[in-house]
Amino acid sequence: MSFKLLTQLFTSNRLKRILRELTKSIVPAVVATHDRHDLVPLVLRDLVRLENRPPHFAEMAYELCSSLCENHQCFENQGSLLLLSLEIGFCHLDPQRWYTSDFQLNHTEHHRGLIDVVFKSGDGEAIADLLHALTMESSHHDPAHTLLGICTEHLADLHNRTPLSSRLRCLVMRSVGLIGYKGFEGVGVERLFQMLNHLRVTAEDIDTKFEWMKFLLDVFQSPEGIRHLSQLYWELLVELAISPWSDDDVVIYNPQIVVSLTEAEAWDKLECWMGTVWMIWPPGVGGTTEEDLERMTLLLFHHQPGVVQKLIHWMERWRSGGSDREVPESFKRICAQAREAAQQDLL
């Protein structure tokens, strides 16, 4: 079959049906044919030459990865074939656009074999291809969180071993949010915080905003997180709290964070935390009381008099993010008292 005809075949309107048949029949048959294993690299080299590969190539390529891992003993160059398969399926997909899809990736136990091979290759684009596969959602299934969790050891020091392209950085950030803080406990918090401080994540970088908000709230529950995570992430938490999210998703409030920040005299971090508390846990939500919030906010204003206007600005931005959001009257009263006290001090 000529290359031109192959291109027409794979870019026709009947693509989905063709790919489905390839995935179900042709690919497993080629892999299982013991006397013609040379067909696999030939097919892959032809496929990777195709321009404008459609998104549904991801299904076929990912299925091929499973077959190659399952029959790994048959291929001396299995590693290069796996990287080539991932390139065929994912390198042409925009990670921002193809976070969700209308097709289904079938995650299997055989795909576990991909993880060590890809990360040990040190190939940043192949690693991005793999993370794209493991974080992609569809209307049929959630991302492969179990497989993604195996990547934590590799992700924790990836920035020390592989240059992070914008695409790879985007997919690493998505992976971290989906894995969650508890998923990284086995690699050691020091390595995790070094990675986070290297990434310098901003709200504009994140397409899994609520997952990252939960991630940061979990991080800040720990003394290590309070001490070692840079100020940038406390500011990120504020921005994520301002973003739209469902009240049903509220996590449990932890009053110990205020105590830890006060004892450490970390006033810049405390201003971010108090802004977050007023947005996520106003009086009566999560066990907070008006008296507690007033005491903590006035303590902050005492040490950081200039922060009053910043909190007011955050709260106004938060209010504009949802029709059901109202700035608590108690917050307005406390800020008014702080402003009046500041004016009295100037007299």
# chains A, B, ... in the order shown; residues from 1 in each chain; ligands from 1
$ select_by_dssp --residues "range 176-258 of chain A" --states "helix (DSSP H, G or I)" --output "PyMOL selection string"
chain A and resi 176-179+182-187+189-199+203-205+209-219+223-228+231-242+247-249+256-258
$ residues_around --residues "Leu134 in chain A" --least-positions-apart "6" --cutoff "12 Å" --atoms "only C-alpha atoms" --output "JSON, numbers by chain"
{"A": [58, 62, 86, 90, 95, 99, 100, 104, 105, 106, 107, 108, 111, 112, 114, 115, 127, 128, 141, 142, 143, 144, 145, 146, 147, 148, 149, 150, 151, 171, 172, 174, 175, 176, 178, 179]}
$ write_last_selection --atoms "N, CA, C and O atoms" --output "CSV table (one decimal), in the first residue's frame"
chain,number,residue,atom,x,y,z
A,58,ALA,N,-5.0,8.3,19.1
A,58,ALA,CA,-4.6,8.0,20.5
A,58,ALA,C,-5.1,6.7,21.0
A,58,ALA,O,-4.4,5.9,21.7
A,62,TYR,N,-2.4,3.8,22.0
A,62,TYR,CA,-2.4,3.3,23.4
A,62,TYR,C,-2.7,1.8,23.5
A,62,TYR,O,-2.1,1.2,24.4
A,86,LEU,N,3.6,6.1,21.5
A,86,LEU,CA,3.1,7.3,22.2
A,86,LEU,C,3.2,8.5,21.3
A,86,LEU,O,2.3,9.4,21.3
A,90,PHE,N,-0.1,10.8,20.7
A,90,PHE,CA,-0.3,12.0,21.6
A,90,PHE,C,0.5,13.2,21.3
A,90,PHE,O,0.1,14.3,21.8
A,95,PRO,N,-2.4,19.7,25.0
A,95,PRO,CA,-2.8,19.3,26.3
A,95,PRO,C,-3.9,20.1,26.9
A,95,PRO,O,-4.6,19.6,27.7
A,99,TYR,N,-7.7,17.8,27.2
A,99,TYR,CA,-7.8,17.3,28.6
A,99,TYR,C,-8.9,16.3,28.7
A,99,TYR,O,-8.9,15.3,29.3
A,100,THR,N,-10.1,16.7,28.1
A,100,THR,CA,-11.2,15.8,28.0
A,100,THR,C,-11.4,15.4,26.5
A,100,THR,O,-11.0,16.1,25.6
A,104,GLN,N,-12.3,6.9,24.1
A,104,GLN,CA,-12.0,6.1,25.3
A,104,GLN,C,-10.6,5.5,25.2
A,104,GLN,O,-10.3,4.7,24.3
A,105,LEU,N,-9.8,5.7,26.2
A,105,LEU,CA,-8.5,5.0,26.3
A,105,LEU,C,-8.7,3.8,27.3
A,105,LEU,O,-9.2,4.0,28.4
A,106,ASN,N,-8.3,2.7,26.9
A,106,ASN,CA,-8.5,1.5,27.7
A,106,ASN,C,-7.3,1.2,28.5
A,106,ASN,O,-6.3,0.7,28.0
A,107,HIS,N,-7.3,1.6,29.8
A,107,HIS,CA,-6.1,1.4,30.6
A,107,HIS,C,-6.0,0.0,31.2
A,107,HIS,O,-7.0,-0.5,31.7
A,108,THR,N,-4.9,-0.7,31.0
A,108,THR,CA,-4.8,-2.0,31.4
A,108,THR,C,-3.5,-2.2,32.3
A,108,THR,O,-2.7,-1.3,32.4
A,111,HIS,N,-0.1,-1.6,30.8
A,111,HIS,CA,0.4,-0.3,30.6
A,111,HIS,C,1.4,0.1,31.8
A,111,HIS,O,2.1,1.1,31.6
A,112,ARG,N,1.4,-0.6,32.8
A,112,ARG,CA,2.3,-0.3,33.9
A,112,ARG,C,3.8,-0.4,33.4
A,112,ARG,O,4.6,0.3,33.9
A,114,LEU,N,4.9,0.7,30.7
A,114,LEU,CA,5.3,1.9,30.0
A,114,LEU,C,6.0,2.8,30.9
A,114,LEU,O,6.9,3.5,30.5
A,115,ILE,N,5.7,2.9,32.2
A,115,ILE,CA,6.1,4.0,33.1
A,115,ILE,C,7.6,4.0,33.2
A,115,ILE,O,8.2,5.1,33.0
A,127,ILE,N,7.7,11.6,27.7
A,127,ILE,CA,7.2,11.7,29.1
A,127,ILE,C,5.9,12.5,29.0
A,127,ILE,O,4.9,12.1,29.7
A,128,ALA,N,5.9,13.6,28.3
A,128,ALA,CA,4.6,14.4,28.1
A,128,ALA,C,3.5,13.5,27.4
A,128,ALA,O,2.4,13.6,27.8
A,141,HIS,N,-14.6,7.3,31.1
A,141,HIS,CA,-13.8,6.9,32.2
A,141,HIS,C,-13.1,8.1,32.8
A,141,HIS,O,-12.8,9.1,32.0
A,142,ASP,N,-12.7,8.1,34.0
A,142,ASP,CA,-11.9,9.1,34.6
A,142,ASP,C,-10.4,8.8,34.2
A,142,ASP,O,-10.2,7.7,33.7
A,143,PRO,N,-9.5,9.7,34.5
A,143,PRO,CA,-8.1,9.4,34.2
A,143,PRO,C,-7.6,8.2,34.9
A,143,PRO,O,-8.2,7.7,35.9
A,144,ALA,N,-6.5,7.7,34.5
A,144,ALA,CA,-6.0,6.4,35.1
A,144,ALA,C,-5.2,6.8,36.3
A,144,ALA,O,-4.0,6.7,36.4
A,145,HIS,N,-5.9,7.1,37.4
A,145,HIS,CA,-5.3,7.6,38.6
A,145,HIS,C,-4.4,6.6,39.2
A,145,HIS,O,-3.3,6.9,39.8
A,146,THR,N,-4.7,5.3,39.1
A,146,THR,CA,-3.9,4.2,39.7
A,146,THR,C,-2.6,4.2,39.0
A,146,THR,O,-1.5,4.1,39.7
A,147,LEU,N,-2.6,4.2,37.7
A,147,LEU,CA,-1.3,4.2,36.9
A,147,LEU,C,-0.6,5.5,37.2
A,147,LEU,O,0.7,5.5,37.3
A,148,LEU,N,-1.3,6.6,37.3
A,148,LEU,CA,-0.6,7.9,37.5
A,148,LEU,C,0.1,7.9,38.8
A,148,LEU,O,1.2,8.5,38.9
A,149,GLY,N,-0.5,7.3,39.8
A,149,GLY,CA,0.1,7.2,41.1
A,149,GLY,C,1.5,6.6,41.2
A,149,GLY,O,2.3,6.8,42.0
A,150,ILE,N,1.7,5.7,40.2
A,150,ILE,CA,3.0,5.0,40.1
A,150,ILE,C,4.1,5.9,39.7
A,150,ILE,O,5.3,5.7,39.9
A,151,CYS,N,3.7,7.1,39.1
A,151,CYS,CA,4.7,8.0,38.5
A,151,CYS,C,5.3,8.9,39.6
A,151,CYS,O,6.2,9.7,39.2
A,171,LEU,N,1.6,19.3,31.7
A,171,LEU,CA,1.1,18.0,32.0
A,171,LEU,C,1.6,17.5,33.4
A,171,LEU,O,0.9,16.7,34.1
A,172,VAL,N,2.8,17.9,33.8
A,172,VAL,CA,3.3,17.6,35.2
A,172,VAL,C,2.4,18.3,36.2
A,172,VAL,O,2.0,17.7,37.2
A,174,ARG,N,-0.8,19.2,35.8
A,174,ARG,CA,-2.1,18.5,35.9
A,174,ARG,C,-1.9,17.2,36.6
A,174,ARG,O,-2.8,16.8,37.4
A,175,SER,N,-0.8,16.4,36.4
A,175,SER,CA,-0.6,15.2,37.1
A,175,SER,C,-0.6,15.3,38.6
A,175,SER,O,-1.2,14.6,39.4
A,176,VAL,N,0.2,16.4,39.1
A,176,VAL,CA,0.3,16.6,40.5
A,176,VAL,C,-1.0,16.9,41.1
A,176,VAL,O,-1.4,16.3,42.2
A,178,LEU,N,-4.0,15.9,40.1
A,178,LEU,CA,-4.8,14.7,40.1
A,178,LEU,C,-4.4,13.7,41.1
A,178,LEU,O,-5.2,13.0,41.7
A,179,ILE,N,-3.1,13.6,41.3
A,179,ILE,CA,-2.5,12.6,42.2
A,179,ILE,C,-2.8,13.0,43.6
A,179,ILE,O,-3.2,12.2,44.5
$ residues_around --residues "Thr162 in chain A" --least-positions-apart "5" --cutoff "9 Å" --atoms "only C-alpha atoms" --output "list in words"
Gly122, Asp123, Gly124 and Asp157 of chain A
$ atom_distance --atom1 "CA of Ala336 in chain A" --atom2 "CA of Leu217 in chain A"
29.0 Å
$ residues_around --residues "Lys209 in chain A" --least-positions-apart "6" --cutoff "9 Å" --atoms "only C-alpha atoms" --output "PDB file with all heavy atoms, in the first residue's frame"
ATOM      1  N   GLY A 177      -1.863  17.707  40.472  1.00  0.00           N
ATOM      2  CA  GLY A 177      -3.187  18.002  41.017  1.00  0.00           C
ATOM      3  C   GLY A 177      -4.069  16.773  41.114  1.00  0.00           C
ATOM      4  O   GLY A 177      -4.795  16.598  42.093  1.00  0.00           O
ATOM      5  N   ALA A 203      -2.172  30.404  38.731  1.00  0.00           N
ATOM      6  CA  ALA A 203      -3.558  30.022  38.431  1.00  0.00           C
ATOM      7  C   ALA A 203      -3.772  29.867  36.928  1.00  0.00           C
ATOM      8  O   ALA A 203      -4.553  29.022  36.487  1.00  0.00           O
ATOM      9  CB  ALA A 203      -4.519  31.061  39.005  1.00  0.00           C
ATOM     10  N   LEU A 240      -7.232  30.468  43.520  1.00  0.00           N
ATOM     11  CA  LEU A 240      -8.082  29.305  43.285  1.00  0.00           C
ATOM     12  C   LEU A 240      -9.374  29.395  44.079  1.00  0.00           C
ATOM     13  O   LEU A 240     -10.435  28.966  43.611  1.00  0.00           O
ATOM     14  CB  LEU A 240      -7.324  28.020  43.651  1.00  0.00           C
ATOM     15  CG  LEU A 240      -6.094  27.723  42.789  1.00  0.00           C
ATOM     16  CD1 LEU A 240      -5.398  26.461  43.282  1.00  0.00           C
ATOM     17  CD2 LEU A 240      -6.463  27.579  41.322  1.00  0.00           C
ATOM     18  N   SER A 243     -11.774  31.531  42.233  1.00  0.00           N
ATOM     19  CA  SER A 243     -12.355  30.882  41.055  1.00  0.00           C
ATOM     20  C   SER A 243     -13.673  30.195  41.422  1.00  0.00           C
ATOM     21  O   SER A 243     -13.871  29.786  42.564  1.00  0.00           O
ATOM     22  CB  SER A 243     -11.389  29.843  40.487  1.00  0.00           C
ATOM     23  OG  SER A 243     -10.154  30.432  40.140  1.00  0.00           O
ATOM     24  N   TRP A 245     -16.285  27.446  42.168  1.00  0.00           N
ATOM     25  CA  TRP A 245     -16.262  26.053  42.610  1.00  0.00           C
ATOM     26  C   TRP A 245     -17.539  25.802  43.386  1.00  0.00           C
ATOM     27  O   TRP A 245     -18.213  26.722  43.832  1.00  0.00           O
ATOM     28  CB  TRP A 245     -15.034  25.737  43.469  1.00  0.00           C
ATOM     29  CG  TRP A 245     -14.711  26.759  44.521  1.00  0.00           C
ATOM     30  CD1 TRP A 245     -13.871  27.817  44.402  1.00  0.00           C
ATOM     31  CD2 TRP A 245     -15.240  26.847  45.858  1.00  0.00           C
ATOM     32  NE1 TRP A 245     -13.851  28.560  45.554  1.00  0.00           N
ATOM     33  CE2 TRP A 245     -14.673  27.989  46.468  1.00  0.00           C
ATOM     34  CE3 TRP A 245     -16.142  26.066  46.583  1.00  0.00           C
ATOM     35  CZ2 TRP A 245     -14.978  28.360  47.774  1.00  0.00           C
ATOM     36  CZ3 TRP A 245     -16.447  26.447  47.885  1.00  0.00           C
ATOM     37  CH2 TRP A 245     -15.853  27.583  48.462  1.00  0.00           C
TER      38      TRP A 245
END
$ closest_residue --among "A:Ile206, A:Val327, A:Ile312, A:Ala264" --to "Arg339 in chain A" --atoms "only C-alpha atoms"
A:Ile312
$ closest_residue --among "A:Gln343, A:Arg167, A:Tyr253, A:Val308" --to "Pro283 in chain A" --atoms "only C-alpha atoms"
A:Tyr253
$ select_by_dssp --residues "range 79-193 of chain A" --states "strand (DSSP E)" --output "list in words"
Thr100, Ser101, Glu137 and Ser138 of chain A
$ write_last_selection --atoms "N, CA and C atoms" --output "mmCIF file, in the first residue's frame"
data_model
loop_
_atom_site.group_PDB
_atom_site.id
_atom_site.type_symbol
_atom_site.label_atom_id
_atom_site.label_comp_id
_atom_site.auth_asym_id
_atom_site.auth_seq_id
_atom_site.Cartn_x
_atom_site.Cartn_y
_atom_site.Cartn_z
ATOM 1 N N THR A 100 -10.054 16.678 28.064
ATOM 2 C CA THR A 100 -11.195 15.764 28.000
ATOM 3 C C THR A 100 -11.388 15.356 26.547
ATOM 4 N N SER A 101 -11.991 14.209 26.325
ATOM 5 C CA SER A 101 -12.132 13.714 24.964
ATOM 6 C C SER A 101 -13.428 12.928 24.831
ATOM 7 N N GLU A 137 -9.267 12.631 30.416
ATOM 8 C CA GLU A 137 -10.599 12.176 30.808
ATOM 9 C C GLU A 137 -11.436 11.953 29.557
ATOM 10 N N SER A 138 -12.457 11.135 29.697
ATOM 11 C CA SER A 138 -13.401 10.939 28.607
ATOM 12 C C SER A 138 -14.797 10.842 29.197
#
$ atom_distance --atom1 "CA of Pro328 in chain A" --atom2 "CA of Val238 in chain A"
17.1 Å
$ residues_around --residues "Gly113 in chain A" --least-positions-apart "3" --cutoff "9 Å" --atoms "only C-alpha atoms" --output "MDAnalysis selection string"
chainID A and resid 66 69:70 109:110 116:118
$ write_last_selection --atoms "all heavy atoms" --output "short mmCIF file (atom, residue, chain, number, x, y, z; two decimals), in the first residue's frame"
data_model
loop_
_atom_site.label_atom_id
_atom_site.label_comp_id
_atom_site.auth_asym_id
_atom_site.auth_seq_id
_atom_site.Cartn_x
_atom_site.Cartn_y
_atom_site.Cartn_z
N SER A 66 -0.14 -1.29 25.03
CA SER A 66 -0.51 -2.41 25.89
C SER A 66 -0.05 -3.73 25.29
O SER A 66 0.50 -4.59 25.98
CB SER A 66 -2.03 -2.42 26.10
OG SER A 66 -2.43 -3.52 26.88
N CYS A 69 3.75 -4.10 25.57
CA CYS A 69 4.16 -4.44 26.95
C CYS A 69 3.81 -5.88 27.28
O CYS A 69 4.59 -6.58 27.94
CB CYS A 69 3.47 -3.49 27.93
SG CYS A 69 4.07 -1.80 27.89
N GLU A 70 2.65 -6.33 26.83
CA GLU A 70 2.25 -7.70 27.09
C GLU A 70 3.17 -8.70 26.41
O GLU A 70 3.46 -9.77 26.96
CB GLU A 70 0.81 -7.91 26.60
CG GLU A 70 0.26 -9.30 26.91
CD GLU A 70 -1.17 -9.47 26.42
OE1 GLU A 70 -1.69 -8.56 25.73
OE2 GLU A 70 -1.77 -10.52 26.73
N GLU A 109 -3.44 -3.34 32.96
CA GLU A 109 -2.27 -3.63 33.81
C GLU A 109 -0.99 -3.63 32.99
O GLU A 109 0.08 -3.33 33.50
CB GLU A 109 -2.46 -4.97 34.51
CG GLU A 109 -3.39 -4.93 35.70
CD GLU A 109 -2.90 -3.97 36.78
OE1 GLU A 109 -1.75 -4.13 37.24
OE2 GLU A 109 -3.65 -3.06 37.16
N HIS A 110 -1.10 -4.00 31.72
CA HIS A 110 0.10 -4.04 30.87
C HIS A 110 0.70 -2.66 30.69
O HIS A 110 1.91 -2.54 30.45
CB HIS A 110 -0.25 -4.65 29.50
CG HIS A 110 -0.75 -6.05 29.58
ND1 HIS A 110 -0.02 -7.09 30.13
CD2 HIS A 110 -1.94 -6.60 29.17
CE1 HIS A 110 -0.72 -8.21 30.06
NE2 HIS A 110 -1.88 -7.94 29.49
N ASP A 116 8.21 2.95 33.67
CA ASP A 116 9.66 2.94 33.85
C ASP A 116 10.39 3.17 32.55
O ASP A 116 11.39 3.91 32.49
CB ASP A 116 10.12 1.61 34.48
CG ASP A 116 9.91 1.58 35.98
OD1 ASP A 116 9.71 2.66 36.57
OD2 ASP A 116 9.95 0.50 36.56
N VAL A 117 9.91 2.53 31.48
CA VAL A 117 10.58 2.67 30.18
C VAL A 117 10.60 4.12 29.73
O VAL A 117 11.65 4.66 29.32
CB VAL A 117 9.87 1.80 29.11
CG1 VAL A 117 10.41 2.11 27.72
CG2 VAL A 117 10.03 0.32 29.42
N VAL A 118 9.47 4.79 29.84
CA VAL A 118 9.36 6.16 29.34
C VAL A 118 10.17 7.13 30.20
O VAL A 118 10.93 7.95 29.68
CB VAL A 118 7.89 6.60 29.26
CG1 VAL A 118 7.78 8.08 28.92
CG2 VAL A 118 7.14 5.76 28.23
#
$ atom_distance --atom1 "CA of Leu192 in chain A" --atom2 "CA of Trp212 in chain A"
14.3 Å
$ closest_residue --among "A:Thr262, A:Ser165, A:Gln96, A:Gln309" --to "Asp205 in chain A" --atoms "only C-alpha atoms"
A:Gln96
$ residues_around --residues "Cys91 in chain A" --least-positions-apart "5" --cutoff "12 Å" --atoms "only C-alpha atoms" --output "PyMOL selection string"
chain A and resi 48+51-55+57-58+61+83-86+98+124-133+167-168
$ closest_residue --among "A:Leu93, A:Ile88, A:Cys74, A:Ile252" --to "Asp46 in chain A" --atoms "only C-alpha atoms"
A:Ile88
$ decode --residues "range 58-85 of chain A" --atoms "N, CA, C and O atoms" --output "PDB file, in the first residue's frame"
ATOM      1  N   ALA A  58      -5.009   8.288  19.133  1.00  0.00           N
ATOM      2  CA  ALA A  58      -4.587   8.010  20.517  1.00  0.00           C
ATOM      3  C   ALA A  58      -5.088   6.656  20.989  1.00  0.00           C
ATOM      4  O   ALA A  58      -4.362   5.919  21.676  1.00  0.00           O
ATOM      5  N   GLU A  59      -6.326   6.301  20.647  1.00  0.00           N
ATOM      6  CA  GLU A  59      -6.878   5.010  21.065  1.00  0.00           C
ATOM      7  C   GLU A  59      -6.063   3.852  20.519  1.00  0.00           C
ATOM      8  O   GLU A  59      -5.688   2.930  21.248  1.00  0.00           O
ATOM      9  N   MET A  60      -5.785   3.897  19.235  1.00  0.00           N
ATOM     10  CA  MET A  60      -5.045   2.816  18.599  1.00  0.00           C
ATOM     11  C   MET A  60      -3.625   2.727  19.145  1.00  0.00           C
ATOM     12  O   MET A  60      -3.131   1.643  19.461  1.00  0.00           O
ATOM     13  N   ALA A  61      -2.955   3.877  19.257  1.00  0.00           N
ATOM     14  CA  ALA A  61      -1.579   3.889  19.718  1.00  0.00           C
ATOM     15  C   ALA A  61      -1.470   3.380  21.159  1.00  0.00           C
ATOM     16  O   ALA A  61      -0.538   2.640  21.501  1.00  0.00           O
ATOM     17  N   TYR A  62      -2.438   3.763  21.986  1.00  0.00           N
ATOM     18  CA  TYR A  62      -2.391   3.338  23.389  1.00  0.00           C
ATOM     19  C   TYR A  62      -2.666   1.839  23.513  1.00  0.00           C
ATOM     20  O   TYR A  62      -2.077   1.154  24.355  1.00  0.00           O
ATOM     21  N   GLU A  63      -3.552   1.319  22.673  1.00  0.00           N
ATOM     22  CA  GLU A  63      -3.807  -0.113  22.646  1.00  0.00           C
ATOM     23  C   GLU A  63      -2.557  -0.867  22.191  1.00  0.00           C
ATOM     24  O   GLU A  63      -2.224  -1.935  22.717  1.00  0.00           O
ATOM     25  N   LEU A  64      -1.850  -0.287  21.237  1.00  0.00           N
ATOM     26  CA  LEU A  64      -0.614  -0.910  20.765  1.00  0.00           C
ATOM     27  C   LEU A  64       0.427  -0.954  21.874  1.00  0.00           C
ATOM     28  O   LEU A  64       1.153  -1.942  22.017  1.00  0.00           O
ATOM     29  N   CYS A  65       0.497   0.113  22.688  1.00  0.00           N
ATOM     30  CA  CYS A  65       1.427   0.123  23.824  1.00  0.00           C
ATOM     31  C   CYS A  65       1.146  -1.045  24.764  1.00  0.00           C
ATOM     32  O   CYS A  65       2.073  -1.697  25.259  1.00  0.00           O
ATOM     33  N   SER A  66      -0.139  -1.289  25.026  1.00  0.00           N
ATOM     34  CA  SER A  66      -0.512  -2.409  25.888  1.00  0.00           C
ATOM     35  C   SER A  66      -0.050  -3.729  25.288  1.00  0.00           C
ATOM     36  O   SER A  66       0.498  -4.593  25.980  1.00  0.00           O
ATOM     37  N   SER A  67      -0.263  -3.908  23.986  1.00  0.00           N
ATOM     38  CA  SER A  67       0.142  -5.144  23.320  1.00  0.00           C
ATOM     39  C   SER A  67       1.653  -5.324  23.337  1.00  0.00           C
ATOM     40  O   SER A  67       2.166  -6.422  23.551  1.00  0.00           O
ATOM     41  N   LEU A  68       2.397  -4.227  23.121  1.00  0.00           N
ATOM     42  CA  LEU A  68       3.862  -4.311  23.153  1.00  0.00           C
ATOM     43  C   LEU A  68       4.368  -4.669  24.544  1.00  0.00           C
ATOM     44  O   LEU A  68       5.316  -5.440  24.691  1.00  0.00           O
ATOM     45  N   CYS A  69       3.749  -4.103  25.574  1.00  0.00           N
ATOM     46  CA  CYS A  69       4.156  -4.436  26.947  1.00  0.00           C
ATOM     47  C   CYS A  69       3.811  -5.883  27.275  1.00  0.00           C
ATOM     48  O   CYS A  69       4.589  -6.581  27.939  1.00  0.00           O
ATOM     49  N   GLU A  70       2.654  -6.328  26.826  1.00  0.00           N
ATOM     50  CA  GLU A  70       2.246  -7.705  27.094  1.00  0.00           C
ATOM     51  C   GLU A  70       3.174  -8.703  26.408  1.00  0.00           C
ATOM     52  O   GLU A  70       3.463  -9.770  26.958  1.00  0.00           O
ATOM     53  N   ASN A  71       3.656  -8.355  25.223  1.00  0.00           N
ATOM     54  CA  ASN A  71       4.520  -9.258  24.454  1.00  0.00           C
ATOM     55  C   ASN A  71       5.962  -8.751  24.420  1.00  0.00           C
ATOM     56  O   ASN A  71       6.653  -8.885  23.414  1.00  0.00           O
ATOM     57  N   HIS A  72       6.409  -8.167  25.521  1.00  0.00           N
ATOM     58  CA  HIS A  72       7.717  -7.514  25.555  1.00  0.00           C
ATOM     59  C   HIS A  72       8.870  -8.446  25.207  1.00  0.00           C
ATOM     60  O   HIS A  72       9.891  -8.035  24.658  1.00  0.00           O
ATOM     61  N   GLN A  73       8.724  -9.743  25.505  1.00  0.00           N
ATOM     62  CA  GLN A  73       9.807 -10.684  25.254  1.00  0.00           C
ATOM     63  C   GLN A  73      10.041 -10.900  23.763  1.00  0.00           C
ATOM     64  O   GLN A  73      11.079 -11.441  23.359  1.00  0.00           O
ATOM     65  N   CYS A  74       9.109 -10.478  22.939  1.00  0.00           N
ATOM     66  CA  CYS A  74       9.216 -10.703  21.492  1.00  0.00           C
ATOM     67  C   CYS A  74       9.979  -9.596  20.768  1.00  0.00           C
ATOM     68  O   CYS A  74      10.278  -9.741  19.584  1.00  0.00           O
ATOM     69  N   PHE A  75      10.267  -8.492  21.460  1.00  0.00           N
ATOM     70  CA  PHE A  75      10.843  -7.349  20.772  1.00  0.00           C
ATOM     71  C   PHE A  75      12.115  -6.885  21.471  1.00  0.00           C
ATOM     72  O   PHE A  75      12.090  -6.483  22.634  1.00  0.00           O
ATOM     73  N   GLU A  76      13.230  -6.928  20.741  1.00  0.00           N
ATOM     74  CA  GLU A  76      14.483  -6.449  21.309  1.00  0.00           C
ATOM     75  C   GLU A  76      14.469  -4.938  21.485  1.00  0.00           C
ATOM     76  O   GLU A  76      15.108  -4.404  22.388  1.00  0.00           O
ATOM     77  N   ASN A  77      13.769  -4.249  20.614  1.00  0.00           N
ATOM     78  CA  ASN A  77      13.718  -2.780  20.645  1.00  0.00           C
ATOM     79  C   ASN A  77      12.384  -2.285  21.187  1.00  0.00           C
ATOM     80  O   ASN A  77      11.828  -1.296  20.702  1.00  0.00           O
ATOM     81  N   GLN A  78      11.869  -2.976  22.218  1.00  0.00           N
ATOM     82  CA  GLN A  78      10.550  -2.633  22.743  1.00  0.00           C
ATOM     83  C   GLN A  78      10.470  -1.180  23.194  1.00  0.00           C
ATOM     84  O   GLN A  78       9.479  -0.496  22.960  1.00  0.00           O
ATOM     85  N   GLY A  79      11.520  -0.695  23.862  1.00  0.00           N
ATOM     86  CA  GLY A  79      11.494   0.673  24.382  1.00  0.00           C
ATOM     87  C   GLY A  79      11.281   1.708  23.297  1.00  0.00           C
ATOM     88  O   GLY A  79      10.422   2.597  23.425  1.00  0.00           O
ATOM     89  N   SER A  80      12.025   1.595  22.206  1.00  0.00           N
ATOM     90  CA  SER A  80      11.873   2.575  21.123  1.00  0.00           C
ATOM     91  C   SER A  80      10.507   2.449  20.455  1.00  0.00           C
ATOM     92  O   SER A  80       9.932   3.458  20.013  1.00  0.00           O
ATOM     93  N   LEU A  81       9.971   1.228  20.393  1.00  0.00           N
ATOM     94  CA  LEU A  81       8.644   1.044  19.803  1.00  0.00           C
ATOM     95  C   LEU A  81       7.563   1.682  20.675  1.00  0.00           C
ATOM     96  O   LEU A  81       6.597   2.248  20.160  1.00  0.00           O
ATOM     97  N   LEU A  82       7.720   1.581  21.989  1.00  0.00           N
ATOM     98  CA  LEU A  82       6.750   2.209  22.892  1.00  0.00           C
ATOM     99  C   LEU A  82       6.772   3.728  22.747  1.00  0.00           C
ATOM    100  O   LEU A  82       5.720   4.376  22.700  1.00  0.00           O
ATOM    101  N   LEU A  83       7.979   4.300  22.670  1.00  0.00           N
ATOM    102  CA  LEU A  83       8.078   5.751  22.522  1.00  0.00           C
ATOM    103  C   LEU A  83       7.478   6.203  21.193  1.00  0.00           C
ATOM    104  O   LEU A  83       6.801   7.237  21.117  1.00  0.00           O
ATOM    105  N   LEU A  84       7.702   5.406  20.156  1.00  0.00           N
ATOM    106  CA  LEU A  84       7.157   5.735  18.850  1.00  0.00           C
ATOM    107  C   LEU A  84       5.633   5.648  18.852  1.00  0.00           C
ATOM    108  O   LEU A  84       4.942   6.491  18.268  1.00  0.00           O
ATOM    109  N   SER A  85       5.093   4.639  19.543  1.00  0.00           N
ATOM    110  CA  SER A  85       3.640   4.492  19.638  1.00  0.00           C
ATOM    111  C   SER A  85       3.010   5.682  20.349  1.00  0.00           C
ATOM    112  O   SER A  85       1.975   6.214  19.921  1.00  0.00           O
TER     113      SER A  85
END
